[in-house]
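Chemist: As input, take my_file-v2.cif (mmCIF, C-alpha atoms):
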data_model
loop_
_atom_site.label_atom_id
_atom_site.label_comp_id
_atom_site.auth_asym_id
_atom_site.auth_seq_id
_atom_site.Cartn_x
_atom_site.Cartn_y
_atom_site.Cartn_z
CA MET A 1 63.43 150.00 -58.84
CA LYS A 2 64.17 150.86 -62.46
CA SER A 3 67.83 149.84 -62.13
CA THR A 4 66.76 146.46 -60.76
CA THR A 5 64.52 145.92 -63.79
CA VAL A 6 67.30 146.89 -66.16
CA ALA A 7 69.77 144.65 -64.31
CA ARG A 8 67.32 141.75 -64.44
CA ASN A 9 66.87 142.23 -68.20
CA TYR A 10 70.63 142.05 -68.73
CA ALA A 11 70.86 139.03 -66.42
CA GLN A 12 68.10 137.27 -68.37
CA ALA A 13 69.90 137.94 -71.64
CA LEU A 14 73.15 136.54 -70.23
CA LEU A 15 71.37 133.47 -68.85
CA LEU A 16 69.75 132.82 -72.23
CA ALA A 17 73.15 133.00 -73.93
CA ALA A 18 74.80 130.78 -71.31
CA ASP A 19 71.95 128.25 -71.21
CA ALA A 20 72.47 127.48 -74.89
CA HIS A 21 75.87 126.01 -73.95
CA GLY A 22 74.81 123.94 -70.92
CA MET A 23 74.84 124.16 -67.14
CA ALA A 24 78.62 124.32 -66.81
CA VAL A 25 78.63 127.55 -68.82
CA VAL A 26 75.66 128.91 -66.83
CA GLU A 27 77.62 128.43 -63.60
CA ARG A 28 80.84 129.77 -65.16
CA TYR A 29 79.14 132.97 -66.34
CA GLY A 30 77.84 133.50 -62.81
CA GLN A 31 81.39 133.17 -61.45
CA LEU A 32 82.71 135.55 -64.09
CA MET A 33 80.00 138.15 -63.37
CA GLU A 34 80.82 137.96 -59.66
CA ALA A 35 84.54 138.32 -60.39
CA VAL A 36 84.07 141.33 -62.69
CA ALA A 37 81.68 143.07 -60.28
CA GLY A 38 84.07 142.35 -57.40
CA ALA A 39 87.06 143.68 -59.33
CA VAL A 40 85.24 146.91 -60.17
CA GLU A 41 84.27 147.36 -56.51
CA ALA A 42 87.72 146.44 -55.19
CA ASP A 43 89.85 148.56 -57.52
CA GLU A 44 88.87 152.20 -57.81
CA ARG A 45 91.00 152.58 -60.95
CA ILE A 46 88.84 150.06 -62.82
CA ALA A 47 85.64 151.77 -61.69
CA VAL A 48 86.96 155.21 -62.68
CA ALA A 49 88.10 153.97 -66.11
CA LEU A 50 84.71 152.36 -66.81
CA GLU A 51 82.66 155.28 -65.48
CA SER A 52 84.68 158.17 -66.90
CA PRO A 53 83.11 160.04 -69.81
CA ARG A 54 86.67 161.01 -70.84
CA VAL A 55 87.44 157.40 -71.73
CA SER A 56 85.75 156.51 -75.00
CA LYS A 57 83.49 153.49 -75.20
CA ALA A 58 85.85 151.97 -77.77
CA VAL A 59 88.77 152.23 -75.32
CA LYS A 60 86.64 150.73 -72.55
CA ALA A 61 85.70 147.84 -74.85
CA ALA A 62 89.36 147.31 -75.71
CA LEU A 63 90.30 147.35 -72.01
CA LEU A 64 87.72 144.67 -71.28
CA GLU A 65 88.95 142.60 -74.23
CA ARG A 66 92.56 142.86 -73.07
CA ALA A 67 91.74 142.18 -69.40
CA LEU A 68 89.41 139.24 -69.97
CA GLY A 69 90.44 137.89 -73.37
CA ASP A 70 92.27 134.82 -72.02
CA LEU A 71 90.04 134.33 -68.97
CA ALA A 72 86.51 134.51 -70.35
CA PRO A 73 84.70 133.33 -73.48
CA ALA A 74 84.42 135.90 -76.27
CA GLU A 75 80.62 135.87 -75.94
CA PHE A 76 80.89 136.92 -72.28
CA VAL A 77 83.35 139.71 -73.12
CA ARG A 78 80.99 140.97 -75.85
CA PHE A 79 78.18 140.98 -73.28
CA LEU A 80 80.26 143.20 -70.95
CA GLN A 81 81.19 145.44 -73.87
CA ALA A 82 77.49 145.86 -74.67
CA ILE A 83 76.84 146.87 -71.07
CA VAL A 84 79.59 149.50 -71.26
CA ARG A 85 78.47 150.69 -74.72
CA ARG A 86 75.01 151.37 -73.28
CA GLY A 87 76.45 153.14 -70.22
CA ARG A 88 75.20 150.52 -67.76
CA GLN A 89 78.57 149.61 -66.17
CA GLY A 90 77.34 151.00 -62.86
CA LEU A 91 74.90 148.08 -62.73
CA LEU A 92 77.50 145.30 -62.81
CA ARG A 93 76.94 144.29 -59.17
CA GLU A 94 73.15 144.31 -59.62
CA ILE A 95 73.40 142.32 -62.84
CA ALA A 96 75.59 139.73 -61.08
CA GLN A 97 73.07 139.45 -58.23
CA GLU A 98 70.10 139.19 -60.58
CA TYR A 99 71.91 136.59 -62.66
CA GLN A 100 72.61 134.49 -59.58
CA ALA A 101 68.97 134.78 -58.50
CA LEU A 102 67.82 133.58 -61.92
CA VAL A 103 70.25 130.65 -61.85
CA ASP A 104 69.03 129.71 -58.37
CA LEU A 105 65.45 129.81 -59.61
CA LYS A 106 66.32 127.74 -62.67
CA LEU A 107 68.10 125.12 -60.56
CA ASP A 108 65.44 125.15 -57.82
CA ARG A 109 68.11 126.19 -55.33
CA VAL A 110 67.90 128.25 -52.15
CA HIS A 111 70.58 129.88 -50.03
CA ALA A 112 70.44 129.40 -46.28
CA GLY A 113 72.33 131.40 -43.71
CA VAL A 114 73.11 129.02 -40.85
CA VAL A 115 74.29 130.35 -37.48
CA LEU A 116 75.82 127.99 -34.94
CA VAL A 117 77.74 128.56 -31.72
CA GLU A 118 80.98 127.45 -33.36
CA GLU A 119 82.21 126.64 -36.85
CA PRO A 120 80.87 123.23 -37.90
CA ASP A 121 83.06 120.41 -39.17
CA ALA A 122 82.45 118.94 -42.63
CA ARG A 123 80.26 116.11 -41.29
CA LEU A 124 77.92 118.50 -39.43
CA GLU A 125 77.74 120.84 -42.43
CA LYS A 126 76.72 117.90 -44.63
CA GLN A 127 74.05 116.78 -42.13
CA ILE A 128 72.59 120.28 -41.88
CA VAL A 129 72.51 120.73 -45.66
CA GLU A 130 70.83 117.33 -46.12
CA ARG A 131 68.17 118.14 -43.50
CA LEU A 132 67.51 121.56 -44.97
CA ALA A 133 67.25 120.08 -48.49
CA ALA A 134 64.73 117.53 -47.21
CA ALA A 135 62.74 120.22 -45.37
CA PHE A 136 62.60 122.64 -48.30
CA GLY A 137 62.51 120.09 -51.11
CA LYS A 138 65.20 122.07 -52.93
CA ASP A 139 68.93 122.11 -53.43
CA VAL A 140 70.35 124.12 -50.51
CA ARG A 141 73.51 126.19 -50.51
CA ALA A 142 74.33 126.79 -46.86
CA HIS A 143 76.47 129.69 -45.68
CA PHE A 144 77.73 128.97 -42.17
CA ARG A 145 78.92 131.37 -39.51
CA ALA A 146 79.62 131.14 -35.82
CA GLU A 147 78.04 133.37 -33.19
CA ARG A 148 78.57 132.63 -29.51
CA GLY A 149 75.62 134.82 -28.53
CA ILE A 150 73.04 132.20 -29.51
CA ILE A 151 74.36 130.00 -26.65
CA GLY A 152 73.40 126.78 -28.47
CA GLY A 153 71.12 125.38 -31.17
CA VAL A 154 70.86 126.77 -34.66
CA VAL A 155 69.35 129.76 -36.48
CA VAL A 156 68.54 129.38 -40.18
CA ARG A 157 67.61 132.20 -42.54
CA VAL A 158 66.18 131.37 -45.97
CA GLY A 159 65.10 134.44 -47.89
CA ASP A 160 63.10 136.59 -45.49
CA ARG A 161 62.15 133.68 -43.19
CA VAL A 162 64.05 132.97 -39.99
CA TYR A 163 63.86 129.64 -38.18
CA ASP A 164 65.25 130.29 -34.72
CA GLY A 165 66.05 127.14 -32.78
CA SER A 166 68.65 128.87 -30.62
CA LEU A 167 68.94 128.28 -26.91
CA LYS A 168 68.97 132.06 -26.44
CA ARG A 169 65.45 132.35 -27.96
CA LYS A 170 64.16 129.35 -26.03
CA LEU A 171 65.40 130.87 -22.76
CA ALA A 172 63.79 134.22 -23.65
CA VAL A 173 60.46 132.47 -24.33
CA LEU A 174 60.69 130.55 -21.06
CA ARG A 175 61.52 133.76 -19.17
CA ARG A 176 58.55 135.58 -20.72
CA LYS A 177 56.21 132.69 -19.81
CA MET A 178 57.46 132.66 -16.23
CA LEU A 179 57.05 136.42 -15.84
CA THR A 180 53.56 136.53 -17.37
CA GLY A 181 52.34 133.33 -15.74
CA GLU A 182 51.35 131.64 -19.03
#
I need this file expressed as structure tokens, please.
Modeler:
Amino acid sequence: MKSTTVARNYAQALLLAADAHGMAVVERYGQLMEAVAGAVEADERIAVALESPRVSKAVKAALLERALGDLAPAEFVRFLQAIVRRGRQGLLREIAQEYQALVDLKLDRVHAGVVLVEEPDARLEKQIVERLAAAFGKDVRAHFRAERGIIGGVVVRVGDRVYDGSLKRKLAVLRRKMLTGE
């Protein structure tokens, strides 16, 4: 719980800094945080270098500067250096997640997991996103996946709510009603 609070505080600070430069920078910082967190998770050498007490904080800061100098704004690099200086580099993934959650809140955006029997084409994706946006009254970022087990229909997950319009569920309900005589 404490790490989540710390991560959220860092994410709020980054969002404040990014927001001063406009929405394009807010989105860009989110992409950069995801990329840095992903790189640390994907390459054990990066994680070891950032976590090792044998590597001085000054060397870690220089490594970040060299690695990101041409790719990221100086302000963003300084933010990462501050994280490392305070020994919070283990929270990079959590900070990235908290940052994205704050951006979603700021933009009144929700993420929806959409399960269909097969991968949708662009037209169907657009229709689903438009209907979800109308239903929720928010900007919707849909994440599609195919799952043959639902037989047909659609299952949508937004946050902790699941809207199950699958044929599999409808058949299970019908079966239960027939067996219980409802």
Chemist: For the file shown, what are the residues hit by the PyMOL selection byres ((chain A and resi 31) around 12), laid out as a PyMOL selection string?
Modeler: chain A and resi 24-30+32-38+71-72+76+96-97+99-100+103
Chemist: Between CA of Gly165 (chain A) and CA of Gly152 (chain A), what is the spacing in Å?
Modeler: 8.5 Å
Chemist: Neighbours of Val77 (chain A) within 10 Å (all atoms listed in the file; same-chain residues fewer than 6 positions away dropped), as an MDAnalysis selection string?
Modeler: chainID A and resid 32 61 64:69 71 83
Chemist: Would you compute, for all listed atoms of region 131-150 of chain A, the axis-aligned bounding box grown by 5 Å on each side, and then report its centre and edge lengths in Å rounded to one decimal, as lines of an AutoDock Vina configuration file?
Modeler:
center_x = 71.1
center_y = 126.2
center_z = -41.0
size_x = 27.1
size_y = 27.3
size_z = 34.9
Chemist: What does the distance from CA of Arg88 (chain A) to CA of Asp19 (chain A) come to in Å, to one decimal?
Modeler: 22.8 Å
Chemist: To one decimal in Å, tell me the separation between CA of Leu14 (chain A) and CA of Ala42 (chain A).
Modeler: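 That distance, rounded to one decimal, is 23.2 Å.
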Chemist: Can you tell me which residues surround Ser166 (chain A) at a distance of at most 6 Å, considering only C-alpha atoms, apart from same-chain residues fewer than 6 positions away, and format the answer as a PyMOL selection string?
Modeler: chain A and resi 150+152-155
Chemist: On this structure, which residues satisfy the PyMOL selection byres ((chain A and resi 110) around 10), written as an mmCIF file with C-alpha atoms, in the coordinates of the input?
Modeler:
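selection04.cif, written as the output of this step:
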data_model
loop_
_atom_site.group_PDB
_atom_site.id
_atom_site.type_symbol
_atom_site.label_atom_id
_atom_site.label_comp_id
_atom_site.auth_asym_id
_atom_site.auth_seq_id
_atom_site.Cartn_x
_atom_site.Cartn_y
_atom_site.Cartn_z
ATOM 1 C CA ALA A 101 68.970 134.780 -58.500
ATOM 2 C CA ASP A 104 69.030 129.710 -58.370
ATOM 3 C CA LEU A 105 65.450 129.810 -59.610
ATOM 4 C CA LEU A 107 68.100 125.120 -60.560
ATOM 5 C CA ASP A 108 65.440 125.150 -57.820
ATOM 6 C CA ARG A 109 68.110 126.190 -55.330
ATOM 7 C CA HIS A 111 70.580 129.880 -50.030
ATOM 8 C CA ALA A 112 70.440 129.400 -46.280
ATOM 9 C CA LEU A 132 67.510 121.560 -44.970
ATOM 10 C CA ALA A 133 67.250 120.080 -48.490
ATOM 11 C CA PHE A 136 62.600 122.640 -48.300
ATOM 12 C CA GLY A 137 62.510 120.090 -51.110
ATOM 13 C CA LYS A 138 65.200 122.070 -52.930
ATOM 14 C CA ASP A 139 68.930 122.110 -53.430
ATOM 15 C CA VAL A 140 70.350 124.120 -50.510
ATOM 16 C CA ARG A 141 73.510 126.190 -50.510
ATOM 17 C CA ALA A 142 74.330 126.790 -46.860
ATOM 18 C CA VAL A 158 66.180 131.370 -45.970
ATOM 19 C CA GLY A 159 65.100 134.440 -47.890
#
Chemist: Extract, using all atoms listed in the file, all DNA, RNA and protein residues at most 7 Å from Ile95 (chain A), discarding same-chain residues fewer than 2 positions from it, and format them as a list in words.
Modeler: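 The filter keeps Ala7, Arg8, Tyr10, Ala11, Leu91, Leu92, Arg93, Gln97, Glu98 and Tyr99 of chain A.
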Chemist: Check the smallest atom-to-atom distance from each of A:Leu167, A:Val84, A:Val115, A:Leu15 to Val55 (chain A) using only C-alpha atoms, then report the winner.
Modeler: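 When distances to Val55 (chain A) are compared using only C-alpha atoms, the smallest one comes from A:Val84.
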Chemist: What's the 12 Å shell around Leu124 (chain A), counting all atoms listed in the file, without same-chain residues fewer than 4 positions away, as a list of chain:residue names?
Modeler: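 Listing them by chain and then by number gives A:Val114, A:Leu116, A:Glu118, A:Glu119, A:Pro120, A:Ile128, A:Val129, A:Glu130, A:Arg131, A:Ala142, A:Phe144, A:Val154.
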Chemist: Would you list the contacts of Arg157 (chain A) as a PDB file with C-alpha atoms, in the frame of the given file, taking every protein, DNA or RNA residue within 8 Å and counting only C-alpha atoms, but skipping same-chain residues closer than 3 positions in sequence?
Modeler:
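What landed in around-v5.pdb:
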ATOM      1  CA  ALA A 112      70.440 129.400 -46.280  1.00  0.00           C
ATOM      2  CA  GLY A 113      72.330 131.400 -43.710  1.00  0.00           C
ATOM      3  CA  VAL A 114      73.110 129.020 -40.850  1.00  0.00           C
ATOM      4  CA  ASP A 160      63.100 136.590 -45.490  1.00  0.00           C
ATOM      5  CA  ARG A 161      62.150 133.680 -43.190  1.00  0.00           C
ATOM      6  CA  VAL A 162      64.050 132.970 -39.990  1.00  0.00           C
ATOM      7  CA  TYR A 163      63.860 129.640 -38.180  1.00  0.00           C
TER       8      TYR A 163
END
